[in-house]
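Here's work_23.txt, which has compact mmCIF, C-alpha atoms:
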# COMPACT_ATOMS: atom_id res chain seq x y z
CA MET W 201 79.03 -77.19 -27.31
CA THR W 202 78.58 -77.27 -23.55
CA ASP W 203 77.32 -80.00 -21.31
CA ALA W 204 75.59 -77.78 -18.77
CA ALA W 205 73.16 -80.59 -17.94
CA ALA W 206 75.83 -83.19 -17.17
CA THR W 207 76.61 -84.11 -13.57
CA HIS W 208 80.24 -84.54 -12.69
CA THR W 209 82.28 -85.94 -9.87
CA ILE W 210 84.72 -83.14 -9.18
CA ALA W 211 87.87 -83.44 -7.10
CA VAL W 212 89.00 -80.07 -5.78
CA ILE W 213 92.72 -80.22 -5.08
CA GLY W 214 93.40 -77.41 -2.63
CA GLY W 215 89.83 -77.68 -1.44
CA THR W 216 90.49 -76.09 1.94
CA GLY W 217 91.67 -72.81 0.38
CA PRO W 218 89.12 -70.07 -0.23
CA GLN W 219 88.98 -70.39 -4.04
CA GLY W 220 88.69 -74.17 -3.98
CA LYS W 221 86.12 -74.20 -1.19
CA GLY W 222 84.08 -71.45 -2.84
CA LEU W 223 83.93 -73.22 -6.19
CA ALA W 224 83.20 -76.53 -4.46
CA TYR W 225 80.25 -74.89 -2.71
CA ARG W 226 78.82 -73.55 -5.96
CA TRP W 227 79.28 -76.86 -7.78
CA ALA W 228 77.76 -78.87 -4.98
CA ALA W 229 74.82 -76.46 -4.95
CA ALA W 230 74.39 -77.13 -8.67
CA GLY W 231 74.10 -80.87 -8.03
CA HIS W 232 77.61 -82.07 -8.77
CA GLU W 233 79.34 -84.57 -6.54
CA VAL W 234 82.32 -82.83 -4.96
CA VAL W 235 85.32 -84.26 -3.13
CA LEU W 236 87.58 -81.75 -1.43
CA GLY W 237 91.20 -82.76 -1.44
CA SER W 238 93.93 -81.57 0.87
CA ARG W 239 97.30 -82.81 2.08
CA SER W 240 95.45 -83.62 5.28
CA ALA W 241 92.30 -85.74 5.00
CA GLU W 242 91.12 -84.29 8.34
CA ARG W 243 91.29 -80.70 7.12
CA ALA W 244 89.56 -81.69 3.89
CA GLU W 245 86.77 -83.33 5.88
CA ALA W 246 86.42 -80.23 8.06
CA ALA W 247 86.08 -78.02 5.00
CA ALA W 248 83.52 -80.41 3.53
CA GLU W 249 81.57 -80.14 6.79
CA GLU W 250 81.54 -76.36 6.46
CA ILE W 251 79.92 -76.69 3.06
CA LYS W 252 77.51 -79.35 4.28
CA GLU W 253 76.32 -77.04 7.05
CA ARG W 254 75.17 -74.57 4.42
CA LEU W 255 74.10 -77.19 1.92
CA PRO W 256 72.80 -80.24 3.81
CA GLU W 257 71.50 -81.80 0.60
CA GLY W 258 74.82 -81.41 -1.21
CA SER W 259 77.11 -84.30 -2.04
CA VAL W 260 80.39 -83.13 -0.52
CA ARG W 261 83.11 -85.01 1.29
CA GLY W 262 86.79 -84.59 2.06
CA ALA W 263 89.81 -86.81 1.47
CA ALA W 264 93.55 -86.74 1.09
CA ASN W 265 94.45 -85.36 -2.35
CA ALA W 266 95.31 -88.66 -4.02
CA ASP W 267 92.17 -90.32 -2.63
CA ALA W 268 90.02 -87.38 -3.74
CA LEU W 269 91.05 -88.11 -7.32
CA ASP W 270 89.66 -91.66 -7.21
CA GLY W 271 86.46 -91.79 -9.19
CA ALA W 272 86.51 -88.12 -10.18
CA ASP W 273 86.04 -87.28 -13.86
CA VAL W 274 86.90 -83.60 -13.37
CA VAL W 275 89.66 -82.11 -11.24
CA LEU W 276 90.08 -78.53 -10.12
CA LEU W 277 93.62 -77.49 -9.25
CA ALA W 278 93.19 -74.68 -6.72
CA VAL W 279 96.55 -74.81 -5.00
CA PRO W 280 99.11 -72.09 -4.33
CA TYR W 281 101.58 -71.53 -7.14
CA ASP W 282 104.42 -72.08 -4.71
CA GLY W 283 105.01 -75.83 -4.84
CA HIS W 284 102.51 -76.30 -7.69
CA ASP W 285 104.74 -78.30 -10.02
CA ASP W 286 105.86 -80.75 -7.33
CA LEU W 287 102.31 -81.30 -6.15
CA VAL W 288 101.05 -81.95 -9.68
CA ALA W 289 103.89 -84.39 -10.28
CA SER W 290 103.06 -86.23 -7.06
CA LEU W 291 99.45 -86.64 -8.22
CA ALA W 292 100.25 -87.51 -11.83
CA ASP W 293 98.68 -90.98 -11.74
CA GLY W 294 95.39 -89.68 -10.43
CA LEU W 295 95.31 -86.78 -12.88
CA ALA W 296 96.03 -88.89 -15.95
CA ALA W 297 93.37 -88.73 -18.68
CA LYS W 298 91.05 -86.52 -16.58
CA VAL W 299 89.64 -83.10 -17.32
CA VAL W 300 91.91 -80.91 -15.18
CA ILE W 301 90.86 -77.31 -14.62
CA SER W 302 93.58 -75.03 -13.28
CA CYS W 303 92.68 -71.78 -11.54
CA VAL W 304 96.20 -71.35 -10.20
CA ASN W 305 97.60 -67.80 -10.27
CA PRO W 306 101.36 -67.21 -10.28
CA LEU W 307 101.26 -63.92 -8.38
CA GLY W 308 103.70 -62.00 -6.29
CA PHE W 309 103.02 -59.32 -3.69
CA ASP W 310 105.28 -56.56 -2.44
CA LYS W 311 104.77 -53.15 -0.88
CA ALA W 312 103.55 -51.80 -4.24
CA GLY W 313 100.84 -54.44 -4.41
CA PRO W 314 100.20 -57.55 -6.46
CA TYR W 315 101.92 -58.42 -9.72
CA GLY W 316 102.23 -61.33 -12.10
CA LEU W 317 105.32 -63.42 -11.49
CA ASP W 318 107.80 -63.61 -14.35
CA VAL W 319 107.25 -67.28 -15.13
CA GLU W 320 108.44 -69.30 -18.08
CA ARG W 321 105.06 -70.95 -18.59
CA SER W 322 101.66 -70.58 -17.04
CA ALA W 323 100.60 -72.91 -14.22
CA ALA W 324 98.09 -74.52 -16.58
CA GLU W 325 100.77 -75.17 -19.19
CA ALA W 326 103.02 -76.55 -16.47
CA ALA W 327 100.34 -79.03 -15.39
CA ALA W 328 99.85 -80.08 -19.02
CA ALA W 329 103.58 -80.61 -19.45
CA ILE W 330 103.93 -82.59 -16.23
CA VAL W 331 100.92 -84.85 -16.93
CA PRO W 332 100.74 -85.05 -20.74
CA THR W 333 97.57 -87.16 -20.79
CA ALA W 334 95.66 -84.74 -18.55
CA ARG W 335 93.15 -82.67 -20.49
CA VAL W 336 94.10 -79.33 -18.97
CA VAL W 337 92.11 -76.15 -19.23
CA GLY W 338 92.60 -72.83 -17.46
CA ALA W 339 89.48 -71.23 -15.94
CA PHE W 340 87.92 -69.69 -12.81
CA HIS W 341 90.97 -67.53 -12.05
CA HIS W 342 89.05 -64.30 -11.60
CA VAL W 343 85.95 -65.01 -9.58
CA SER W 344 86.32 -63.69 -6.06
CA ALA W 345 86.53 -66.39 -3.41
CA VAL W 346 84.61 -64.12 -1.06
CA SER W 347 81.81 -63.68 -3.58
CA LEU W 348 81.68 -67.40 -4.26
CA TRP W 349 81.23 -68.15 -0.59
CA LYS W 350 79.10 -65.22 0.54
CA HIS W 351 76.55 -64.69 -2.19
CA ASP W 352 73.65 -66.98 -2.83
CA GLY W 353 72.75 -65.93 -6.35
CA PRO W 354 74.76 -66.27 -9.53
CA LEU W 355 77.59 -63.80 -10.14
CA ASP W 356 75.79 -62.64 -13.25
CA HIS W 357 77.94 -59.56 -13.88
CA GLU W 358 81.01 -61.74 -14.31
CA ASP W 359 82.34 -64.14 -16.89
CA VAL W 360 84.47 -67.22 -16.51
CA LEU W 361 87.20 -67.18 -19.15
CA VAL W 362 88.22 -70.66 -20.27
CA CYS W 363 91.32 -71.52 -22.29
CA GLY W 364 92.55 -74.90 -23.45
CA ASP W 365 93.58 -77.05 -26.37
CA ASP W 366 91.13 -79.94 -25.76
CA ALA W 367 87.71 -78.87 -27.04
CA ASP W 368 85.73 -81.40 -25.01
CA ALA W 369 87.54 -80.58 -21.79
CA LYS W 370 86.99 -76.91 -22.46
CA ALA W 371 83.28 -77.58 -22.97
CA VAL W 372 83.13 -79.17 -19.51
CA ALA W 373 84.62 -76.06 -17.89
CA ILE W 374 82.38 -73.80 -19.96
CA GLY W 375 79.38 -75.75 -18.64
CA LEU W 376 80.62 -75.70 -15.04
CA ALA W 377 80.77 -71.91 -15.22
CA ARG W 378 76.96 -71.87 -15.15
CA ALA W 379 77.02 -72.85 -11.49
CA VAL W 380 78.95 -69.66 -10.78
CA THR W 381 77.75 -66.97 -13.17
CA GLY W 382 74.47 -68.42 -14.39
CA ARG W 383 75.77 -68.56 -17.94
CA ASP W 384 78.28 -70.44 -20.04
CA GLY W 385 81.94 -69.61 -19.64
CA VAL W 386 83.64 -67.76 -22.47
CA ASP W 387 85.91 -69.74 -24.77
CA ALA W 388 89.02 -67.59 -24.59
CA GLY W 389 91.16 -69.69 -26.92
CA ARG W 390 94.31 -71.77 -26.62
CA LEU W 391 95.87 -73.03 -23.42
CA ARG W 392 98.87 -70.78 -23.89
CA LEU W 393 96.59 -67.80 -23.24
CA ALA W 394 96.59 -68.92 -19.61
CA ARG W 395 99.78 -66.81 -19.51
CA GLN W 396 97.46 -63.83 -19.86
CA LEU W 397 94.51 -65.06 -17.77
CA GLU W 398 96.46 -66.13 -14.69
CA PRO W 399 98.29 -62.87 -13.86
CA LEU W 400 95.25 -60.77 -14.75
CA THR W 401 94.17 -61.63 -11.23
CA ALA W 402 96.83 -59.18 -10.03
CA VAL W 403 94.93 -56.40 -11.79
CA LEU W 404 91.68 -57.38 -10.10
CA ILE W 405 93.29 -57.52 -6.67
CA SER W 406 94.77 -54.10 -7.33
CA ILE W 407 91.32 -52.76 -8.29
CA ASN W 408 89.83 -54.35 -5.17
CA LYS W 409 92.27 -52.46 -2.98
CA ARG W 410 91.74 -49.17 -4.77
CA TYR W 411 87.94 -49.29 -4.80
CA LYS W 412 87.41 -51.39 -1.66
CA THR W 413 85.35 -53.88 -3.63
CA ARG W 414 85.41 -57.39 -5.05
CA SER W 415 85.84 -56.83 -8.74
CA GLY W 416 85.28 -59.27 -11.55
CA ILE W 417 85.76 -59.47 -15.28
CA ALA W 418 82.99 -59.47 -17.85
CA ILE W 419 83.37 -59.80 -21.58
CA SER W 420 81.13 -57.56 -23.63
CA GLY W 421 80.15 -58.23 -27.20
CA ILE W 422 79.39 -61.97 -26.91
CA PRO W 423 76.18 -62.45 -28.92
CA GLY W 424 73.08 -62.92 -26.77
CA ARG W 425 74.78 -62.08 -23.48
CA ASP W 426 74.92 -58.32 -23.04
CA HIS W 427 72.24 -56.48 -21.11
CA MET H 591 90.19 -37.48 -8.95
CA THR H 592 89.41 -37.09 -12.65
CA ASP H 593 89.38 -34.03 -14.80
CA ALA H 594 86.58 -35.08 -17.11
CA ALA H 595 85.71 -31.46 -17.77
CA ALA H 596 89.20 -30.39 -18.83
CA THR H 597 90.01 -29.88 -22.49
CA HIS H 598 93.32 -31.22 -23.72
CA THR H 599 95.51 -30.88 -26.73
CA ILE H 600 96.25 -34.48 -27.58
CA ALA H 601 98.95 -35.68 -29.96
CA VAL H 602 98.20 -39.14 -31.31
CA ILE H 603 101.47 -40.78 -32.36
CA GLY H 604 100.50 -43.50 -34.79
CA GLY H 605 97.40 -41.52 -35.66
CA THR H 606 96.91 -43.15 -39.05
CA GLY H 607 96.50 -46.62 -37.53
CA PRO H 608 93.03 -47.86 -36.62
CA GLN H 609 93.40 -47.60 -32.82
CA GLY H 610 94.95 -44.13 -32.95
CA LYS H 611 92.46 -42.81 -35.48
CA GLY H 612 89.52 -44.30 -33.59
CA LEU H 613 90.52 -42.75 -30.28
CA ALA H 614 91.31 -39.45 -32.00
CA TYR H 615 87.80 -39.44 -33.44
CA ARG H 616 86.21 -40.02 -30.05
CA TRP H 617 88.34 -37.39 -28.33
CA ALA H 618 87.72 -34.81 -31.04
CA ALA H 619 84.00 -35.52 -30.75
CA ALA H 620 84.28 -34.82 -27.00
CA GLY H 621 85.78 -31.38 -27.71
CA HIS H 622 89.47 -32.03 -27.33
CA GLU H 623 91.99 -30.61 -29.75
CA VAL H 624 93.62 -33.52 -31.56
CA VAL H 625 96.75 -33.64 -33.68
CA LEU H 626 97.38 -36.88 -35.55
CA GLY H 627 101.04 -37.70 -35.88
CA SER H 628 102.65 -40.00 -38.42
CA ARG H 629 106.06 -40.49 -39.94
CA SER H 630 104.56 -38.82 -42.98
CA ALA H 631 102.84 -35.46 -42.47
CA GLU H 632 100.82 -36.07 -45.63
CA ARG H 633 99.35 -39.34 -44.38
CA ALA H 634 98.60 -37.73 -41.02
CA GLU H 635 96.78 -34.91 -42.78
CA ALA H 636 94.80 -37.40 -44.86
CA ALA H 637 93.70 -39.27 -41.72
CA ALA H 638 92.75 -35.98 -40.09
CA GLU H 639 90.62 -35.20 -43.14
CA GLU H 640 88.81 -38.53 -42.73
CA ILE H 641 87.85 -37.55 -39.19
CA LYS H 642 86.91 -34.02 -40.24
CA GLU H 643 84.52 -35.40 -42.85
CA ARG H 644 82.58 -37.11 -40.08
CA LEU H 645 83.11 -34.36 -37.55
CA PRO H 646 83.28 -31.01 -39.36
CA GLU H 647 83.17 -29.10 -36.08
CA GLY H 648 86.06 -31.07 -34.57
CA SER H 649 89.51 -29.65 -34.02
CA VAL H 650 91.67 -32.20 -35.82
CA ARG H 651 94.79 -31.82 -37.90
CA GLY H 652 97.73 -33.92 -39.00
CA ALA H 653 101.47 -33.41 -38.74
CA ALA H 654 104.75 -35.29 -38.69
CA ASN H 655 105.18 -37.03 -35.32
CA ALA H 656 107.66 -34.57 -33.81
CA ASP H 657 105.59 -31.59 -34.94
CA ALA H 658 102.41 -33.15 -33.57
CA LEU H 659 103.98 -33.11 -30.11
CA ASP H 660 104.47 -29.32 -30.18
CA GLY H 661 101.89 -27.72 -27.92
CA ALA H 662 100.28 -31.00 -26.86
CA ASP H 663 99.81 -31.61 -23.13
CA VAL H 664 98.75 -35.24 -23.62
CA VAL H 665 100.27 -37.80 -25.98
CA LEU H 666 98.81 -41.14 -27.04
CA LEU H 667 101.34 -43.70 -28.22
CA ALA H 668 99.38 -45.92 -30.64
CA VAL H 669 102.22 -47.36 -32.66
CA PRO H 670 103.09 -50.96 -33.50
CA TYR H 671 105.23 -52.70 -30.93
CA ASP H 672 107.75 -53.51 -33.61
CA GLY H 673 110.08 -50.50 -33.61
CA HIS H 674 108.37 -48.96 -30.57
CA ASP H 675 111.49 -48.33 -28.50
CA ASP H 676 113.39 -46.65 -31.33
CA LEU H 677 110.45 -44.44 -32.19
CA VAL H 678 109.98 -43.36 -28.57
CA ALA H 679 113.69 -42.60 -28.28
CA SER H 680 113.56 -40.51 -31.45
CA LEU H 681 110.70 -38.44 -29.98
CA ALA H 682 112.14 -38.14 -26.47
CA ASP H 683 112.43 -34.35 -26.49
CA GLY H 684 108.81 -33.88 -27.45
CA LEU H 685 107.56 -36.46 -24.95
CA ALA H 686 109.49 -35.03 -22.00
CA ALA H 687 107.33 -33.98 -19.03
CA LYS H 688 104.08 -34.75 -20.88
CA VAL H 689 101.26 -37.10 -19.94
CA VAL H 690 102.01 -40.04 -22.23
CA ILE H 691 99.30 -42.68 -22.62
CA SER H 692 100.47 -45.95 -24.15
CA CYS H 693 97.97 -48.34 -25.74
CA VAL H 694 100.73 -50.37 -27.40
CA ASN H 695 100.26 -54.15 -27.37
CA PRO H 696 103.27 -56.47 -27.70
CA LEU H 697 101.43 -59.27 -29.51
CA GLY H 698 102.45 -62.07 -31.79
CA PHE H 699 100.33 -64.04 -34.22
CA ASP H 700 100.87 -67.52 -35.61
CA LYS H 701 98.66 -70.23 -37.02
CA ALA H 702 97.25 -70.93 -33.53
CA GLY H 703 96.15 -67.31 -33.17
CA PRO H 704 97.27 -64.30 -31.16
CA TYR H 705 99.50 -64.44 -28.09
CA GLY H 706 101.39 -62.09 -25.82
CA LEU H 707 105.03 -61.71 -26.76
CA ASP H 708 107.52 -62.81 -24.14
CA VAL H 709 108.88 -59.33 -23.39
CA GLU H 710 111.15 -58.20 -20.61
CA ARG H 711 109.03 -55.16 -19.83
CA SER H 712 105.74 -53.81 -21.06
CA ALA H 713 105.68 -51.21 -23.81
CA ALA H 714 104.47 -48.65 -21.28
CA GLU H 715 107.36 -49.42 -18.95
CA ALA H 716 109.75 -49.22 -21.88
CA ALA H 717 108.48 -45.73 -22.76
CA ALA H 718 108.88 -44.66 -19.13
CA ALA H 719 112.43 -45.99 -19.05
CA ILE H 720 113.41 -44.33 -22.34
CA VAL H 721 111.92 -40.94 -21.40
CA PRO H 722 112.20 -40.77 -17.61
CA THR H 723 110.45 -37.40 -17.30
CA ALA H 724 107.43 -38.57 -19.31
CA ARG H 725 104.41 -39.24 -17.11
CA VAL H 726 103.51 -42.57 -18.64
CA VAL H 727 100.26 -44.41 -18.13
CA GLY H 728 98.94 -47.51 -19.86
CA ALA H 729 95.32 -47.40 -21.06
CA PHE H 730 92.94 -47.93 -23.99
CA HIS H 731 94.48 -51.27 -24.98
CA HIS H 732 91.22 -53.18 -25.18
CA VAL H 733 88.68 -51.00 -26.92
CA SER H 734 88.05 -52.26 -30.43
CA ALA H 735 89.30 -49.93 -33.13
CA VAL H 736 86.32 -50.95 -35.26
CA SER H 737 83.89 -50.07 -32.48
CA LEU H 738 85.61 -46.75 -31.88
CA TRP H 739 85.25 -45.78 -35.51
CA LYS H 740 81.89 -47.31 -36.38
CA HIS H 741 79.65 -46.63 -33.41
CA ASP H 742 78.24 -43.25 -32.55
CA GLY H 743 77.29 -43.83 -28.94
CA PRO H 744 79.50 -44.56 -25.96
CA LEU H 745 80.85 -48.11 -25.57
CA ASP H 746 79.02 -48.34 -22.29
CA HIS H 747 79.47 -52.08 -21.79
CA GLU H 748 83.24 -51.65 -21.69
CA ASP H 749 85.77 -50.23 -19.30
CA VAL H 750 89.07 -48.54 -19.94
CA LEU H 751 91.67 -49.95 -17.56
CA VAL H 752 94.33 -47.41 -16.60
CA CYS H 753 97.63 -48.17 -14.91
CA GLY H 754 100.43 -45.84 -13.93
CA ASP H 755 102.62 -44.52 -11.16
CA ASP H 756 101.80 -40.79 -11.61
CA ALA H 757 98.43 -40.13 -10.00
CA ASP H 758 97.73 -36.91 -11.90
CA ALA H 759 98.62 -38.42 -15.25
CA LYS H 760 96.44 -41.39 -14.44
CA ALA H 761 93.57 -39.05 -13.62
CA VAL H 762 93.89 -37.48 -17.08
CA ALA H 763 93.55 -40.87 -18.77
CA ILE H 764 90.70 -41.85 -16.46
CA GLY H 765 88.88 -38.68 -17.53
CA LEU H 766 89.62 -39.22 -21.23
CA ALA H 767 87.95 -42.62 -20.99
CA ARG H 768 84.60 -40.83 -20.70
CA ALA H 769 84.80 -39.91 -24.37
CA VAL H 770 84.90 -43.63 -25.19
CA THR H 771 82.77 -45.46 -22.63
CA GLY H 772 80.70 -42.65 -21.16
CA ARG H 773 82.23 -43.22 -17.74
CA ASP H 774 85.52 -42.84 -15.92
CA GLY H 775 88.29 -45.30 -16.65
CA VAL H 776 89.15 -47.81 -13.94
CA ASP H 777 92.28 -47.21 -11.91
CA ALA H 778 93.95 -50.59 -12.32
CA GLY H 779 97.04 -49.84 -10.25
CA ARG H 780 100.75 -49.49 -10.88
CA LEU H 781 102.44 -49.04 -14.24
CA ARG H 782 104.02 -52.48 -14.00
CA LEU H 783 100.54 -54.00 -14.37
CA ALA H 784 100.76 -52.92 -18.01
CA ARG H 785 102.52 -56.29 -18.34
CA GLN H 786 99.10 -57.80 -17.72
CA LEU H 787 96.93 -55.27 -19.56
CA GLU H 788 98.86 -55.20 -22.82
CA PRO H 789 98.83 -58.90 -23.75
CA LEU H 790 95.24 -59.32 -22.54
CA THR H 791 94.40 -57.96 -25.97
CA ALA H 792 95.44 -61.36 -27.35
CA VAL H 793 92.60 -62.94 -25.36
CA LEU H 794 90.08 -60.47 -26.75
CA ILE H 795 91.24 -61.04 -30.32
CA SER H 796 90.95 -64.77 -29.72
CA ILE H 797 87.39 -64.32 -28.42
CA ASN H 798 86.56 -62.13 -31.43
CA LYS H 799 87.59 -64.91 -33.78
CA ARG H 800 85.71 -67.59 -31.87
CA TYR H 801 82.46 -65.66 -31.51
CA LYS H 802 82.73 -63.50 -34.61
CA THR H 803 82.30 -60.37 -32.54
CA ARG H 804 84.15 -57.36 -31.21
CA SER H 805 84.60 -58.14 -27.57
CA GLY H 806 85.54 -55.79 -24.78
CA ILE H 807 86.38 -55.91 -21.11
CA ALA H 808 84.19 -54.66 -18.31
CA ILE H 809 85.02 -54.66 -14.61
CA SER H 810 82.17 -55.60 -12.33
CA GLY H 811 81.98 -54.60 -8.69
CA ILE H 812 83.06 -50.95 -9.01
CA PRO H 813 80.66 -49.06 -6.73
CA GLY H 814 77.99 -47.14 -8.59
CA ARG H 815 78.78 -48.56 -12.01
CA ASP H 816 77.05 -51.93 -12.41
CA HIS H 817 73.70 -52.24 -14.08
Just give me the structure as structure tokens.
Amino acid sequence: MTDAAATHTIAVIGGTGPQGKGLAYRWAAAGHEVVLGSRSAERAEAAAEEIKERLPEGSVRGAANADALDGADVVLLAVPYDGHDDLVASLADGLAAKVVISCVNPLGFDKAGPYGLDVERSAAEAAAAIVPTARVVGAFHHVSAVSLWKHDGPLDHEDVLVCGDDADAKAVAIGLARAVTGRDGVDAGRLRLARQLEPLTAVLISINKRYKTRSGIAISGIPGRDH
Amino acid sequence: MTDAAATHTIAVIGGTGPQGKGLAYRWAAAGHEVVLGSRSAERAEAAAEEIKERLPEGSVRGAANADALDGADVVLLAVPYDGHDDLVASLADGLAAKVVISCVNPLGFDKAGPYGLDVERSAAEAAAAIVPTARVVGAFHHVSAVSLWKHDGPLDHEDVLVCGDDADAKAVAIGLARAVTGRDGVDAGRLRLARQLEPLTAVLISINKRYKTRSGIAISGIPGRDH
């Protein structure tokens, strides 16, 4: 069901942001070839250098977004929700037919804290609608960027929830979760459930503020996984 | 912050449904006085008898919904989303000024599985709007009714996520979580985050189908709680 052993070439669109850079670091550490993408090739290269300093043996480089997509078989969309649809449309050629993992969170913040934006469709569904041949899955919304970057070991008290309508693409994301949590991601169902997964991040941020922590989600009851 | 030691008189509106009956069983087992409410007093009494058979020492009885509210200091709303607003409006007098815990999930189901309904406001926010003096919190959406009823021990791999704008009411629900999970509920933030907590149940049901299990949610990173 998963391809945990496979090695991918992963383009991280939004690779200079904390979530993109953190996931890139974990994937490079697991032996994948990673290309950070950014609007600015220079900033992407600088972020790649940051990872290389910590991981001299890793295969990591930076490029402008469209160039980062060249040769990648997997793409992570780790961009802000603001401007998401336009950016995806501008990269449609490079995203076509690829496994596209979206960890984009449509969140708002006001004086009462974080909340899920009232959106018509999830970011993942939007990407799928804009690039119909892209094999879009939603995943990696909930892992803390700080934990990804700071910790050396697997985040083994957390789960990566993966939703999507393409079983093979979902299996890729489920396998890539191992680089983060040390275990397969959880198949959370259809792509439309990204409407639930994306804004759940608001709850975690709220918990982080309340408890001064970096919280994560774990799913109990999956056979063979509980302590 | 919590009042885990306090004993409450809890009216469970929708007490003949699996979620209401399961929570009633756990709370009665923890020493709270529980009154199951239903549209039909007879069916409420029958459900109370089912609990009493397993818990002869428990304080459990059944009554028509409005009567169940008499003398209760805490109310659990465990009714179907369909008809929720009308039912809450019909019970407004009895709900006034009480701690009202909503575990109502606005879910839809079709051939592709469960999904969150596209609602304007969460069920918990609706209850708060319909009965402005009620001290509404959202909690207990995610614990499996089957697990509540079948297991004897605490569901100690799960967390009860509690949201609300009334700190004291929230503390009551956080304390009542101990009867279910063996530990305090997690303060998940403002009442509006019920928009995220309620439909998350669709994800858990989807996981249950995929893995043939009864899944639950746990929050990692809360100080003093991880394994």
> What's the 8 Å shell around Arg804 of chain H, counting only C-alpha atoms, without same-chain residues fewer than 6 positions away, as a list in words?
Replying inline: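 Near neighbours after the sequence-gap exclusion: Gly421 and Ile422 of chain W; Ser734, Val736, Ser737 and Asn798 of chain H.
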Residues from last step as file, C-alpha atoms, as a short mmCIF file (atom, residue, chain, number, x, y, z; two decimals), in the coordinates of the input:
data_model
loop_
_atom_site.label_atom_id
_atom_site.label_comp_id
_atom_site.auth_asym_id
_atom_site.auth_seq_id
_atom_site.Cartn_x
_atom_site.Cartn_y
_atom_site.Cartn_z
CA GLY W 421 80.15 -58.23 -27.20
CA ILE W 422 79.39 -61.97 -26.91
CA SER H 734 88.05 -52.26 -30.43
CA VAL H 736 86.32 -50.95 -35.26
CA SER H 737 83.89 -50.07 -32.48
CA ASN H 798 86.56 -62.13 -31.43
#
>> Just want the 6 Å neighbourhood of Val689 of chain H, counted on all atoms listed in the file, with same-chain residues fewer than 2 positions away dropped. Output as an MDAnalysis selection string.
In response: chainID H and resid 664 725 759
> What does the distance between atom CA of Leu751 of chain H and atom CA of Ala379 of chain W come to in Å, to one decimal place?
Replying inline: 27.9 Å
> Between W:Asp368, W:Asp310, W:Glu257, W:Glu245, which one has atoms that come closest to chain H, using only C-alpha atoms?
Replying inline: W:Asp310
> Quick one, how far is atom CA of Ala272 of chain W from atom CA of Ala345 of chain W?
Replying inline: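 The value is 22.8 Å.
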> Is there a way to get, as a ChimeraX atom specification, all residues within 12 Å of the point (83.8, -70.5, 7.8) in file coordinates, counting all atoms listed in the file?
Replying inline: /W:216-218,221-222,225,246-254,346,349-350
>> Residues of chain W were defined as contacting chain H if any atom lay at most 8 Å from it, counting all atoms listed in the file; please report them as a PyMOL selection string.
In response: chain W and resi 312+315-316+357-358+386-390+392-393+396-397+399-400+402-404+406-407+410-411+413-423+426
>> Quick check, in Å to one decimal: how far apart do atom CA of Gly772 of chain H and atom CA of Ser712 of chain H lie?
In response: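 Taking atom CA of Gly772 of chain H and atom CA of Ser712 of chain H, their separation equals 27.4 Å.
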>> Can you pull out the residues contacting Asp657 of chain H? Cut-off 10 Å, using all atoms listed in the file, and skip same-chain residues under 2 positions away; I want them as a ChimeraX atom specification.
In response: /H:601,625-628,631,652-655,659-662,681,684
> Near Gly364 of chain W, within 7 Å and counting all atoms listed in the file, which residues show up once chain neighbours fewer than 5 positions away are dropped, as a list in words?
Replying inline: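 After dropping sequence-adjacent residues, the list is Val336, Val337, Gly338, Lys370, Gly389, Arg390 and Leu391 of chain W.
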> Near Gln219 of chain W, counting all atoms listed in the file, which residues have an atom at most 10 Å away, once you skip same-chain residues fewer than 4 positions from it, shown as a list in words?
Replying inline: Val212, Gly214, Gly215, Leu223, Ala224, Tyr225, Leu277, Ala278, Val279, Cys303, Val304, Phe340, His341, His342, Val343, Ser344, Ala345, Val346, Ser347, Leu348 and Trp349 of chain W
